[in-house]
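This is my_file.cif (mmCIF, C-alpha atoms).
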```cif
data_target
loop_
_atom_site.group_PDB
_atom_site.id
_atom_site.type_symbol
_atom_site.label_atom_id
_atom_site.label_comp_id
_atom_site.auth_asym_id
_atom_site.auth_seq_id
_atom_site.Cartn_x
_atom_site.Cartn_y
_atom_site.Cartn_z
ATOM 1 C CA MET O 1 64.261 20.560 105.198
ATOM 2 C CA PHE O 2 64.650 18.737 101.899
ATOM 3 C CA LYS O 3 63.252 15.632 103.560
ATOM 4 C CA VAL O 4 60.123 17.516 104.675
ATOM 5 C CA ILE O 5 59.576 18.917 101.178
ATOM 6 C CA ALA O 6 60.137 15.482 99.611
ATOM 7 C CA VAL O 7 57.634 13.896 102.008
ATOM 8 C CA ALA O 8 55.110 16.677 101.326
ATOM 9 C CA VAL O 9 55.507 16.186 97.545
ATOM 10 C CA ALA O 10 55.128 12.420 97.929
ATOM 11 C CA ILE O 11 51.963 12.863 100.010
ATOM 12 C CA ALA O 12 50.509 15.326 97.520
ATOM 13 C CA ALA O 13 51.259 12.997 94.598
ATOM 14 C CA THR O 14 49.722 10.016 96.419
ATOM 15 C CA THR O 15 46.597 12.009 97.299
ATOM 16 C CA THR O 16 46.171 13.185 93.699
ATOM 17 C CA VAL O 17 46.543 9.663 92.295
ATOM 18 C CA ALA O 18 44.192 8.195 94.930
ATOM 19 C CA GLY O 19 41.632 10.931 94.254
ATOM 20 C CA ALA O 20 41.795 10.286 90.514
ATOM 21 C CA GLN O 21 41.376 6.566 91.059
ATOM 22 C CA ALA O 22 38.416 7.137 93.379
ATOM 23 C CA THR O 23 36.761 9.376 90.774
ATOM 24 C CA SER O 24 37.207 6.832 87.977
ATOM 25 C CA ALA O 25 36.024 4.034 90.281
ATOM 26 C CA SER O 26 32.853 5.932 91.144
ATOM 27 C CA LYS O 27 32.261 6.673 87.450
ATOM 28 C CA ALA O 28 32.662 2.977 86.683
ATOM 29 C CA ALA O 29 30.187 2.116 89.448
ATOM 30 C CA VAL O 30 27.664 4.610 88.077
ATOM 31 C CA LYS O 31 28.145 3.256 84.539
ATOM 32 C CA THR O 32 27.695 -0.340 85.724
ATOM 33 C CA SER O 33 24.508 0.453 87.648
ATOM 34 C CA THR O 34 23.130 2.394 84.658
ATOM 35 C CA GLN O 35 23.852 -0.510 82.318
ATOM 36 C CA ALA O 36 22.218 -2.914 84.755
ATOM 37 C CA SER O 37 19.055 -0.814 84.944
ATOM 38 C CA MET O 38 18.936 -0.520 81.132
ATOM 39 C CA SER O 39 19.270 -4.272 80.679
ATOM 40 C CA THR O 40 16.519 -4.776 83.265
ATOM 41 C CA THR O 41 14.300 -2.365 81.342
ATOM 42 C CA LYS O 42 14.903 -4.235 78.095
ATOM 43 C CA ARG O 43 13.853 -7.526 79.672
ATOM 44 C CA HIS O 44 10.432 -6.189 80.596
ATOM 45 C CA HIS O 45 9.168 -5.815 77.020
ATOM 46 C CA ARG O 46 6.044 -7.880 76.504
ATOM 47 C CA ALA O 47 6.411 -10.738 74.058
ATOM 48 C CA VAL O 48 3.805 -10.800 71.298
ATOM 49 C CA LYS O 49 2.031 -14.137 71.246
ATOM 50 C CA LYS O 50 1.463 -15.663 67.832
ATOM 51 C CA GLU O 51 -2.198 -16.579 67.439
ATOM 52 C CA THR O 52 -2.902 -20.037 66.092
ATOM 53 C CA GLN O 53 -5.865 -20.990 63.911
ATOM 54 C CA ALA O 54 -7.329 -22.826 66.915
ATOM 55 C CA ASP O 55 -7.150 -19.610 68.977
ATOM 56 C CA LEU O 56 -8.869 -17.647 66.221
ATOM 57 C CA GLN O 57 -11.595 -20.276 65.754
ATOM 58 C CA LYS O 58 -12.369 -20.243 69.489
ATOM 59 C CA GLU O 59 -12.810 -16.471 69.343
ATOM 60 C CA ALA O 60 -15.047 -16.485 66.230
ATOM 61 C CA LYS O 61 -18.770 -16.214 66.976
ATOM 62 C CA ILE O 62 -19.938 -16.822 63.394
ATOM 63 C CA SER O 63 -19.484 -20.232 61.795
ATOM 64 C CA GLU O 64 -17.368 -20.544 58.658
ATOM 65 C CA ALA O 65 -20.425 -21.795 56.737
ATOM 66 C CA ASP O 66 -22.481 -18.697 57.666
ATOM 67 C CA ALA O 67 -19.594 -16.391 56.760
ATOM 68 C CA ARG O 68 -19.168 -18.186 53.407
ATOM 69 C CA ALA O 69 -22.878 -17.744 52.618
ATOM 70 C CA THR O 70 -22.625 -14.019 53.440
ATOM 71 C CA ALA O 71 -19.568 -13.648 51.200
ATOM 72 C CA LEU O 72 -21.179 -15.491 48.276
ATOM 73 C CA LYS O 73 -24.220 -13.166 48.483
ATOM 74 C CA GLN O 74 -21.835 -10.291 47.751
ATOM 75 C CA VAL O 75 -20.534 -11.872 44.510
ATOM 76 C CA PRO O 76 -23.360 -13.352 42.407
ATOM 77 C CA ASN O 77 -22.446 -16.554 40.505
ATOM 78 C CA GLY O 78 -19.146 -16.735 42.395
ATOM 79 C CA THR O 79 -17.159 -19.734 43.574
ATOM 80 C CA VAL O 80 -14.915 -19.632 46.641
ATOM 81 C CA LYS O 81 -11.334 -20.097 45.502
ATOM 82 C CA SER O 82 -9.691 -19.699 48.930
ATOM 83 C CA GLU O 83 -10.623 -18.764 52.472
ATOM 84 C CA GLU O 84 -8.775 -17.711 55.591
ATOM 85 C CA LEU O 85 -9.605 -16.824 59.187
ATOM 86 C CA GLU O 86 -7.276 -14.015 60.215
ATOM 87 C CA ARG O 87 -6.892 -10.888 62.294
ATOM 88 C CA GLU O 88 -6.564 -7.840 60.080
ATOM 89 C CA LYS O 89 -6.258 -4.313 61.496
ATOM 90 C CA GLY O 90 -7.339 -5.656 64.873
ATOM 91 C CA LYS O 91 -10.530 -7.294 63.570
ATOM 92 C CA LEU O 92 -11.116 -11.030 63.381
ATOM 93 C CA ILE O 93 -12.336 -11.767 59.842
ATOM 94 C CA TYR O 94 -13.006 -14.541 57.392
ATOM 95 C CA SER O 95 -11.355 -13.531 54.113
ATOM 96 C CA TYR O 96 -12.668 -15.106 50.892
ATOM 97 C CA ASP O 97 -11.239 -14.984 47.380
ATOM 98 C CA ILE O 98 -14.184 -15.582 45.058
ATOM 99 C CA SER O 99 -13.831 -16.189 41.335
ATOM 100 C CA VAL O 100 -16.526 -15.567 38.750
ATOM 101 C CA ALA O 101 -16.701 -17.470 35.466
ATOM 102 C CA GLY O 102 -15.660 -15.275 32.532
ATOM 103 C CA LYS O 103 -13.903 -12.728 34.781
ATOM 104 C CA THR O 104 -10.152 -12.643 35.426
ATOM 105 C CA GLY O 105 -8.840 -12.399 38.953
ATOM 106 C CA VAL O 106 -10.860 -12.728 42.139
ATOM 107 C CA ASP O 107 -13.132 -10.609 44.290
ATOM 108 C CA GLU O 108 -12.037 -10.453 47.917
ATOM 109 C CA VAL O 109 -14.792 -10.358 50.518
ATOM 110 C CA ASN O 110 -14.077 -9.949 54.232
ATOM 111 C CA VAL O 111 -16.716 -11.037 56.752
ATOM 112 C CA ASN O 112 -16.492 -10.077 60.422
ATOM 113 C CA ALA O 113 -16.118 -13.315 62.413
ATOM 114 C CA ILE O 114 -17.798 -11.786 65.461
ATOM 115 C CA ASP O 115 -21.014 -10.295 64.063
ATOM 116 C CA GLY O 116 -21.202 -11.648 60.467
ATOM 117 C CA SER O 117 -21.193 -8.249 58.750
ATOM 118 C CA VAL O 118 -19.242 -7.537 55.559
ATOM 119 C CA VAL O 119 -16.113 -5.549 56.428
ATOM 120 C CA GLY O 120 -15.297 -2.784 53.963
ATOM 121 C CA LYS O 121 -16.246 -3.152 50.341
ATOM 122 C CA VAL O 122 -15.734 -6.046 47.958
ATOM 123 C CA THR O 123 -12.411 -5.511 46.190
ATOM 124 C CA HIS O 124 -11.342 -6.988 42.863
ATOM 125 C CA GLU O 125 -7.815 -8.362 42.585
ATOM 126 C CA SER O 126 -6.221 -8.909 39.200
ATOM 127 C CA PRO O 127 -4.163 -12.098 38.714
ATOM 128 C CA LYS O 128 -1.004 -9.987 39.093
ATOM 129 C CA THR O 129 -2.191 -8.455 42.386
ATOM 130 C CA GLU O 130 -3.346 -11.844 43.645
ATOM 131 C CA LYS O 131 0.066 -13.378 42.914
ATOM 132 C CA LYS O 132 1.833 -10.500 44.665
ATOM 133 C CA GLU O 133 -0.398 -10.900 47.739
ATOM 134 C CA ALA O 134 0.206 -14.659 47.878
ATOM 135 C CA LYS O 135 3.954 -14.054 47.714
ATOM 136 C CA GLN O 136 3.733 -11.523 50.565
ATOM 137 C CA GLU O 137 1.675 -13.917 52.737
ATOM 138 C CA ALA O 138 4.178 -16.721 52.129
ATOM 139 C CA LYS O 139 6.992 -14.385 53.166
ATOM 140 C CA GLU O 140 5.127 -13.407 56.350
ATOM 141 C CA LYS O 141 4.509 -17.045 57.265
ATOM 142 C CA LYS O 142 8.223 -17.784 56.836
ATOM 143 C CA THR O 143 9.303 -14.948 59.143
ATOM 144 C CA THR O 144 6.832 -15.886 61.894
ATOM 145 C CA LYS O 145 8.032 -19.506 62.141
#
```
Go ahead and express the file in the form of structure tokens.
Amino acid sequence: MFKVIAVAVAIAATTTVAGAQATSASKAAVKTSTQASMSTTKRHHRAVKKETQADLQKEAKISEADARATALKQVPNGTVKSEELEREKGKLIYSYDISVAGKTGVDEVNVNAIDGSVVGKVTHESPKTEKKEAKQEAKEKKTTK
């Protein structure tokens, strides 16, 4: 009789251990498949393509010379200090910093590169603001390389 009880206890112990191992194995399988599906999901994010100046110039419908003339009409007696073709808030624009003799800072004029219209209003930038903006643009160029 003791042998029967001992065998029954041994079987019960083996069944309990096997059941526990099966449960942890199935949990591990579920965890592995979940991790695999998450890593697959992460891989499907769309990479943002950096636009080059050549790409922007191909897209522009207005020539740089026409955009410059439009910008200079906005600031009488002005001289273009710097220019840039860029995408800002989703719009392709020519951005001009125009200085005027006897006036500190620059006036910034943005001209739509698709239809040639002036975007927004002409804004004046003090030398301090201009320096801060140049520093920010340099920082952005560094991080995109």
Quick one: apply the PyMOL selection byres ((chain O and resi 120-132) around 7) to the file and drop the selected residues here as a ChimeraX atom specification.
/O:104-109,118-119,133-136
Neighbour list for O:Ile93 as a ChimeraX atom specification, cut-off 8 Å, all atoms listed in the file, skip fewer than 5 positions in-chain:
/O:85-88,110-114
Around all listed atoms of stretch 106-119 of chain O, padded 5 Å per side, what centre and edge lengths does the axis-aligned box have in Å to one decimal, as lines of an AutoDock Vina configuration file?
```
center_x = -16.0
center_y = -9.4
center_z = 53.8
size_x = 20.3
size_y = 17.8
size_z = 33.3
```
Take atom CA of O:Ala71 and atom CA of O:Thr52 and report the distance between them in Å, one decimal.
23.2 Å
Expressed in Å, the length from atom CA of O:Val75 to atom CA of O:Asp55 is 28.9 Å
A straight line from atom CA of O:Lys139 to atom CA of O:Ala65 spans 28.6 Å
Chain and number of each residue from the PyMOL selection byres ((chain O and resi 77) around 9), as a PyMOL selection string
chain O and resi 72-73+75-76+78-79+99-101
Repair of stretch 51-71 of chain O at the level of N, CA and C atoms, as a tab-separated table (two decimals), in the coordinates of the input:
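Result went into result-v8.tsv, see below:
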```tsv
chain	number	residue	atom	x	y	z
O	51	GLU	N	-0.90	-15.92	67.34
O	51	GLU	CA	-2.20	-16.58	67.44
O	51	GLU	C	-2.27	-17.75	66.47
O	52	THR	N	-2.75	-18.86	66.94
O	52	THR	CA	-2.90	-20.04	66.09
O	52	THR	C	-4.31	-20.03	65.51
O	53	GLN	N	-4.53	-20.87	64.50
O	53	GLN	CA	-5.86	-20.99	63.91
O	53	GLN	C	-6.87	-21.45	64.96
O	54	ALA	N	-6.44	-22.35	65.85
O	54	ALA	CA	-7.33	-22.83	66.92
O	54	ALA	C	-7.76	-21.67	67.82
O	55	ASP	N	-6.83	-20.78	68.15
O	55	ASP	CA	-7.15	-19.61	68.98
O	55	ASP	C	-8.18	-18.73	68.28
O	56	LEU	N	-7.96	-18.50	66.99
O	56	LEU	CA	-8.87	-17.65	66.22
O	56	LEU	C	-10.25	-18.28	66.11
O	57	GLN	N	-10.31	-19.58	65.88
O	57	GLN	CA	-11.60	-20.28	65.75
O	57	GLN	C	-12.39	-20.24	67.06
O	58	LYS	N	-11.69	-20.32	68.19
O	58	LYS	CA	-12.37	-20.24	69.49
O	58	LYS	C	-13.00	-18.87	69.68
O	59	GLU	N	-12.33	-17.84	69.17
O	59	GLU	CA	-12.81	-16.47	69.34
O	59	GLU	C	-13.95	-16.12	68.39
O	60	ALA	N	-14.02	-16.78	67.24
O	60	ALA	CA	-15.05	-16.48	66.23
O	60	ALA	C	-16.43	-16.87	66.75
O	61	LYS	N	-17.39	-15.97	66.55
O	61	LYS	CA	-18.77	-16.21	66.98
O	61	LYS	C	-19.63	-16.71	65.81
O	62	ILE	N	-19.21	-16.44	64.60
O	62	ILE	CA	-19.94	-16.82	63.39
O	62	ILE	C	-19.27	-18.07	62.81
O	63	SER	N	-20.07	-19.03	62.38
O	63	SER	CA	-19.48	-20.23	61.80
O	63	SER	C	-18.91	-19.91	60.41
O	64	GLU	N	-17.97	-20.74	59.98
O	64	GLU	CA	-17.37	-20.54	58.66
O	64	GLU	C	-18.42	-20.68	57.57
O	65	ALA	N	-19.37	-21.58	57.73
O	65	ALA	CA	-20.42	-21.80	56.74
O	65	ALA	C	-21.31	-20.55	56.59
O	66	ASP	N	-21.66	-19.92	57.71
O	66	ASP	CA	-22.48	-18.70	57.67
O	66	ASP	C	-21.70	-17.55	57.01
O	67	ALA	N	-20.43	-17.45	57.34
O	67	ALA	CA	-19.59	-16.39	56.76
O	67	ALA	C	-19.45	-16.61	55.25
O	68	ARG	N	-19.30	-17.85	54.83
O	68	ARG	CA	-19.17	-18.19	53.41
O	68	ARG	C	-20.45	-17.79	52.66
O	69	ALA	N	-21.60	-18.10	53.24
O	69	ALA	CA	-22.88	-17.74	52.62
O	69	ALA	C	-23.01	-16.23	52.47
O	70	THR	N	-22.59	-15.49	53.49
O	70	THR	CA	-22.62	-14.02	53.44
O	70	THR	C	-21.71	-13.51	52.33
O	71	ALA	N	-20.53	-14.08	52.22
O	71	ALA	CA	-19.57	-13.65	51.20
O	71	ALA	C	-20.09	-13.95	49.79
```
